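Asker: Next up is a structure, given as structure tokens.
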Amino acid sequence: EVTGIACNARNITDTKKAAEELKNSEEKYRLLFYNSPIPKLIYDIETLDIVEVNGKAIMHFGYTREEFLKINIRNLRPQEDLAKFDEIINSVLKSENYGPIIVTHVKKNGEKIKVEVSGHKIFYESKNCMMAICIDVTEREAALQVLKDKDAQLENAQQIAKLGYWQLDVKTNILYWSKEVYNIWELPETKTINFDFFVSTIHAKDVQAFVASQN
């Protein structure tokens, strides 16, 4: 004989709403990852195995998705860089995020490229992972190297000819001297200089003519 019925009720509206928001957030995150115009990959922090890549990474590095998932991030580095890679990877993985840093990567066809890498930790498929963003800066770094080489050649030419150049910022009164000017004046490059100091080094008889020439 039933003498009564006990019922328990709990409002799960907020729980369902939170679950729905989480699902939507994860879906949005996946779309941003897979549709990004920048190569991205996710790797396991413990094993360094690559567990996911987006389409841009597949196109850029030349590996298929299946091939990517069979390698780890060490395979993307040239053999001569592995010792340095092993030195820094532990400190990198201890951080919540890292970069950007410039490293050398190797495509499937063996081509070496300069890549600006940054990353941040995520929890992916029940694993602690790192998502890496890889921007190819090969052309930019090559252009910078050309400028550095030209600067080095200019410094060398100035040293041989005992010539230097200077530039004045009229707003701050800060004077820029090339390396050879410091050598000629026998001053350390750490010394902060301005136009007034420069004028004070000119022979008294020549100051008026120099100032007039600058006006």
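We name chains A, B, ... following the order of the structure tokens; residues begin at 1 in each chain, and ligands are numbered from 1 as shown.
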Tell me which protein, DNA and RNA residues are within 10 Å of Asn109 in chain A, counting only C-alpha atoms, leaving out same-chain ones fewer than 2 positions away, and put them as a list in words.

Answerer: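 Contacts, in chain order: Phe61, Gly62, Tyr63, Val106, Lys107, Glu111 and Lys112 of chain A.
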
Asker: Those same residues - N, CA and C atoms - I'd like them written as an mmCIF file, in the first residue's frame.

Answerer:
```
data_model
loop_
_atom_site.group_PDB
_atom_site.id
_atom_site.type_symbol
_atom_site.label_atom_id
_atom_site.label_comp_id
_atom_site.auth_asym_id
_atom_site.auth_seq_id
_atom_site.Cartn_x
_atom_site.Cartn_y
_atom_site.Cartn_z
ATOM 1 N N PHE A 61 53.902 23.631 -44.249
ATOM 2 C CA PHE A 61 55.010 22.725 -43.969
ATOM 3 C C PHE A 61 55.068 21.533 -44.922
ATOM 4 N N GLY A 62 53.965 21.253 -45.615
ATOM 5 C CA GLY A 62 53.980 20.192 -46.611
ATOM 6 C C GLY A 62 53.643 18.807 -46.104
ATOM 7 N N TYR A 63 53.419 18.676 -44.794
ATOM 8 C CA TYR A 63 53.006 17.394 -44.242
ATOM 9 C C TYR A 63 51.484 17.239 -44.345
ATOM 10 N N VAL A 106 62.054 23.291 -40.310
ATOM 11 C CA VAL A 106 62.346 22.573 -41.548
ATOM 12 C C VAL A 106 61.044 22.021 -42.118
ATOM 13 N N LYS A 107 60.781 22.350 -43.362
ATOM 14 C CA LYS A 107 59.596 21.811 -44.031
ATOM 15 C C LYS A 107 59.835 20.345 -44.403
ATOM 16 N N GLU A 111 63.401 22.255 -46.834
ATOM 17 C CA GLU A 111 63.652 23.695 -46.860
ATOM 18 C C GLU A 111 63.637 24.265 -45.446
ATOM 19 N N LYS A 112 64.645 25.061 -45.136
ATOM 20 C CA LYS A 112 64.719 25.704 -43.818
ATOM 21 C C LYS A 112 64.097 27.097 -43.889
#
```

Asker: Find, counting only C-alpha atoms, the residue in A:Ala57, A:Ser200, A:Ile73, A:Phe195 that gets nearest to Lys171 in chain A.

Answerer: A:Phe195

Asker: Name the residues in contact with Thr192 in chain A at a cut-off of 12 Å, using only C-alpha atoms, excluding same-chain residues fewer than 5 positions from it; report them as a PyMOL selection string.

Answerer: chain A and resi 173-177+182+187+197-198

Asker: Using only C-alpha atoms, can you tell me which of A:Ile38, A:Ile102, A:Leu82, A:Cys129 comes closest to Val117 in chain A?

Answerer: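 Once distances to Val117 in chain A are computed over only C-alpha atoms, the minimum belongs to A:Ile102.
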
Asker: Please measure the separation of CA of Asn72 in chain A and CA of Tyr43 in chain A, giving the value in Å to one decimal.

Answerer: 7.4 Å

Asker: Applying 12 Å and only C-alpha atoms, which residues near Val115 in chain A remain after dropping the ones on its own chain fewer than 4 positions away? List them as a list in words.

Answerer: Ile38, Pro39, Lys40, His60, Phe61, Leu76, Arg77, Gly99, Pro100, Ile101, Ile102, Val103, Thr104, His105, Val106, Lys107, Ala132, Ile133, Cys134, Ile135, Asp136, Val137, Thr138, Glu139, Arg140, Glu141 and Ala142 of chain A

Asker: Pull the alpha helix (DSSP H) assignments for range 85-202 of chain A out of DSSP run on the backbone, and list those residues as a PyMOL selection string.

Answerer: chain A and resi 85-93+138-161+179-185+195-200

Asker: Filtering to C-alpha atoms, could you give me those residues as a PDB file, in the first residue's frame?

Answerer:
```pdb
ATOM      1  CA  PHE A  85      66.154  23.287 -28.413  1.00  0.00           C
ATOM      2  CA  ASP A  86      66.563  20.761 -25.572  1.00  0.00           C
ATOM      3  CA  GLU A  87      68.135  23.463 -23.404  1.00  0.00           C
ATOM      4  CA  ILE A  88      65.228  25.892 -23.656  1.00  0.00           C
ATOM      5  CA  ILE A  89      62.182  23.620 -24.014  1.00  0.00           C
ATOM      6  CA  ASN A  90      61.881  22.856 -20.287  1.00  0.00           C
ATOM      7  CA  SER A  91      61.745  26.530 -19.315  1.00  0.00           C
ATOM      8  CA  VAL A  92      59.294  27.195 -22.144  1.00  0.00           C
ATOM      9  CA  LEU A  93      56.926  24.436 -21.015  1.00  0.00           C
ATOM     10  CA  THR A 138      62.057  34.176 -43.589  1.00  0.00           C
ATOM     11  CA  GLU A 139      61.865  37.121 -46.002  1.00  0.00           C
ATOM     12  CA  ARG A 140      61.748  39.675 -43.192  1.00  0.00           C
ATOM     13  CA  GLU A 141      64.777  38.181 -41.430  1.00  0.00           C
ATOM     14  CA  ALA A 142      66.692  37.995 -44.718  1.00  0.00           C
ATOM     15  CA  ALA A 143      65.988  41.685 -45.361  1.00  0.00           C
ATOM     16  CA  LEU A 144      67.116  42.579 -41.828  1.00  0.00           C
ATOM     17  CA  GLN A 145      70.311  40.590 -42.329  1.00  0.00           C
ATOM     18  CA  VAL A 146      71.031  42.525 -45.533  1.00  0.00           C
ATOM     19  CA  LEU A 147      70.664  45.789 -43.595  1.00  0.00           C
ATOM     20  CA  LYS A 148      72.925  44.501 -40.817  1.00  0.00           C
ATOM     21  CA  ASP A 149      75.528  43.485 -43.377  1.00  0.00           C
ATOM     22  CA  LYS A 150      75.363  46.915 -45.015  1.00  0.00           C
ATOM     23  CA  ASP A 151      75.699  48.623 -41.628  1.00  0.00           C
ATOM     24  CA  ALA A 152      78.730  46.458 -40.870  1.00  0.00           C
ATOM     25  CA  GLN A 153      80.273  47.325 -44.238  1.00  0.00           C
ATOM     26  CA  LEU A 154      79.606  51.029 -43.640  1.00  0.00           C
ATOM     27  CA  GLU A 155      81.195  50.885 -40.195  1.00  0.00           C
ATOM     28  CA  ASN A 156      84.206  49.106 -41.644  1.00  0.00           C
ATOM     29  CA  ALA A 157      84.559  51.707 -44.418  1.00  0.00           C
ATOM     30  CA  GLN A 158      84.286  54.555 -41.906  1.00  0.00           C
ATOM     31  CA  GLN A 159      86.917  52.975 -39.710  1.00  0.00           C
ATOM     32  CA  ILE A 160      89.326  52.619 -42.630  1.00  0.00           C
ATOM     33  CA  ALA A 161      88.700  56.171 -43.868  1.00  0.00           C
ATOM     34  CA  LYS A 179      80.682  54.280 -33.981  1.00  0.00           C
ATOM     35  CA  GLU A 180      83.626  55.877 -35.737  1.00  0.00           C
ATOM     36  CA  VAL A 181      82.786  59.347 -34.371  1.00  0.00           C
ATOM     37  CA  TYR A 182      83.135  57.927 -30.859  1.00  0.00           C
ATOM     38  CA  ASN A 183      86.489  56.460 -31.904  1.00  0.00           C
ATOM     39  CA  ILE A 184      87.665  59.779 -33.344  1.00  0.00           C
ATOM     40  CA  TRP A 185      86.605  61.647 -30.196  1.00  0.00           C
ATOM     41  CA  PHE A 195      74.390  69.111 -29.453  1.00  0.00           C
ATOM     42  CA  ASP A 196      75.754  71.428 -26.765  1.00  0.00           C
ATOM     43  CA  PHE A 197      78.365  68.858 -25.798  1.00  0.00           C
ATOM     44  CA  PHE A 198      79.336  68.449 -29.452  1.00  0.00           C
ATOM     45  CA  VAL A 199      79.757  72.207 -29.863  1.00  0.00           C
ATOM     46  CA  SER A 200      81.885  72.346 -26.710  1.00  0.00           C
TER      47      SER A 200
END
```

Asker: Running DSSP on the backbone, which parts of range 86-210 of chain A land in strand (DSSP E), as a VMD selection string?

Answerer: chain A and resid 97 to 106 112 to 124 127 to 136 166 to 169 174 to 177

Asker: Those residues you just picked out, can you put them in a file as a short mmCIF file (atom, residue, chain, number, x, y, z; two decimals), in the first residue's frame with N, CA and C atoms?

Answerer:
```
data_model
loop_
_atom_site.label_atom_id
_atom_site.label_comp_id
_atom_site.auth_asym_id
_atom_site.auth_seq_id
_atom_site.Cartn_x
_atom_site.Cartn_y
_atom_site.Cartn_z
N ASN A 97 52.59 30.82 -21.13
CA ASN A 97 52.72 31.22 -22.53
C ASN A 97 54.17 31.65 -22.77
N TYR A 98 54.55 31.73 -24.02
CA TYR A 98 55.92 32.12 -24.35
C TYR A 98 55.95 32.81 -25.70
N GLY A 99 57.07 33.46 -25.97
CA GLY A 99 57.29 34.09 -27.26
C GLY A 99 56.78 35.52 -27.32
N PRO A 100 56.94 36.08 -28.53
CA PRO A 100 57.46 35.42 -29.73
C PRO A 100 58.98 35.28 -29.73
N ILE A 101 59.44 34.15 -30.28
CA ILE A 101 60.87 33.90 -30.45
C ILE A 101 61.10 33.49 -31.91
N ILE A 102 62.29 33.78 -32.42
CA ILE A 102 62.64 33.42 -33.79
C ILE A 102 63.43 32.12 -33.77
N VAL A 103 62.95 31.11 -34.49
CA VAL A 103 63.63 29.83 -34.57
C VAL A 103 63.67 29.38 -36.02
N THR A 104 64.44 28.34 -36.28
CA THR A 104 64.49 27.75 -37.62
C THR A 104 63.65 26.48 -37.65
N HIS A 105 62.77 26.39 -38.62
CA HIS A 105 61.98 25.18 -38.83
C HIS A 105 62.36 24.57 -40.17
N VAL A 106 62.05 23.29 -40.31
CA VAL A 106 62.35 22.57 -41.55
C VAL A 106 61.04 22.02 -42.12
N LYS A 112 64.65 25.06 -45.14
CA LYS A 112 64.72 25.70 -43.82
C LYS A 112 64.10 27.10 -43.89
N ILE A 113 63.29 27.42 -42.90
CA ILE A 113 62.62 28.72 -42.85
C ILE A 113 62.77 29.31 -41.46
N LYS A 114 62.74 30.63 -41.40
CA LYS A 114 62.74 31.33 -40.12
C LYS A 114 61.30 31.55 -39.69
N VAL A 115 61.00 31.19 -38.44
CA VAL A 115 59.63 31.24 -37.95
C VAL A 115 59.58 31.98 -36.62
N GLU A 116 58.61 32.88 -36.52
CA GLU A 116 58.35 33.57 -35.25
C GLU A 116 57.30 32.76 -34.51
N VAL A 117 57.71 32.16 -33.39
CA VAL A 117 56.84 31.22 -32.68
C VAL A 117 56.41 31.81 -31.33
N SER A 118 55.13 31.67 -31.04
CA SER A 118 54.60 31.99 -29.71
C SER A 118 53.61 30.89 -29.34
N GLY A 119 53.36 30.73 -28.06
CA GLY A 119 52.45 29.66 -27.67
C GLY A 119 51.80 29.91 -26.33
N HIS A 120 50.74 29.17 -26.06
CA HIS A 120 50.08 29.23 -24.76
C HIS A 120 49.48 27.87 -24.43
N LYS A 121 49.42 27.58 -23.13
CA LYS A 121 48.93 26.29 -22.68
C LYS A 121 47.41 26.17 -22.85
N ILE A 122 46.99 24.97 -23.24
CA ILE A 122 45.56 24.66 -23.32
C ILE A 122 45.36 23.23 -22.84
N PHE A 123 44.13 22.89 -22.51
CA PHE A 123 43.76 21.52 -22.15
C PHE A 123 43.00 20.95 -23.33
N TYR A 124 43.62 19.96 -24.00
CA TYR A 124 43.04 19.45 -25.24
C TYR A 124 42.95 17.93 -25.19
N LYS A 127 44.44 16.25 -22.24
CA LYS A 127 45.89 16.34 -22.12
C LYS A 127 46.31 17.79 -21.92
N ASN A 128 47.40 17.97 -21.15
CA ASN A 128 48.00 19.30 -21.04
C ASN A 128 48.83 19.55 -22.28
N CYS A 129 48.45 20.56 -23.02
CA CYS A 129 49.09 20.81 -24.32
C CYS A 129 49.53 22.26 -24.44
N MET A 130 50.26 22.50 -25.49
CA MET A 130 50.67 23.85 -25.85
C MET A 130 50.23 24.11 -27.29
N MET A 131 49.56 25.24 -27.49
CA MET A 131 49.22 25.63 -28.85
C MET A 131 50.30 26.59 -29.35
N ALA A 132 50.91 26.25 -30.47
CA ALA A 132 51.98 27.07 -31.05
C ALA A 132 51.49 27.77 -32.30
N ILE A 133 51.79 29.06 -32.39
CA ILE A 133 51.48 29.87 -33.56
C ILE A 133 52.79 30.12 -34.30
N CYS A 134 52.84 29.74 -35.56
CA CYS A 134 54.09 29.78 -36.32
C CYS A 134 53.97 30.72 -37.53
N ILE A 135 54.61 31.86 -37.45
CA ILE A 135 54.55 32.85 -38.53
C ILE A 135 55.87 32.84 -39.30
N ASP A 136 55.80 32.59 -40.58
CA ASP A 136 57.00 32.55 -41.42
C ASP A 136 57.54 33.97 -41.61
N TRP A 166 76.99 62.02 -37.96
CA TRP A 166 76.15 62.26 -36.80
C TRP A 166 74.80 62.80 -37.25
N GLN A 167 73.81 62.65 -36.38
CA GLN A 167 72.45 63.09 -36.68
C GLN A 167 71.83 63.66 -35.41
N LEU A 168 71.20 64.81 -35.55
CA LEU A 168 70.62 65.51 -34.39
C LEU A 168 69.10 65.43 -34.43
N ASP A 169 68.52 65.02 -33.27
CA ASP A 169 67.08 65.08 -33.10
C ASP A 169 66.76 66.45 -32.49
N ILE A 174 68.97 65.32 -28.65
CA ILE A 174 69.84 64.15 -28.53
C ILE A 174 70.59 63.97 -29.85
N LEU A 175 71.85 63.71 -29.72
CA LEU A 175 72.72 63.57 -30.89
C LEU A 175 73.07 62.11 -31.09
N TYR A 176 72.94 61.64 -32.32
CA TYR A 176 73.36 60.27 -32.64
C TYR A 176 74.71 60.32 -33.33
N TRP A 177 75.65 59.57 -32.82
CA TRP A 177 76.97 59.47 -33.43
C TRP A 177 77.17 58.06 -33.97
#
```

Asker: Which distance in Å separates CA of Ser126 in chain A and CA of Val51 in chain A, to one decimal?

Answerer: 11.6 Å
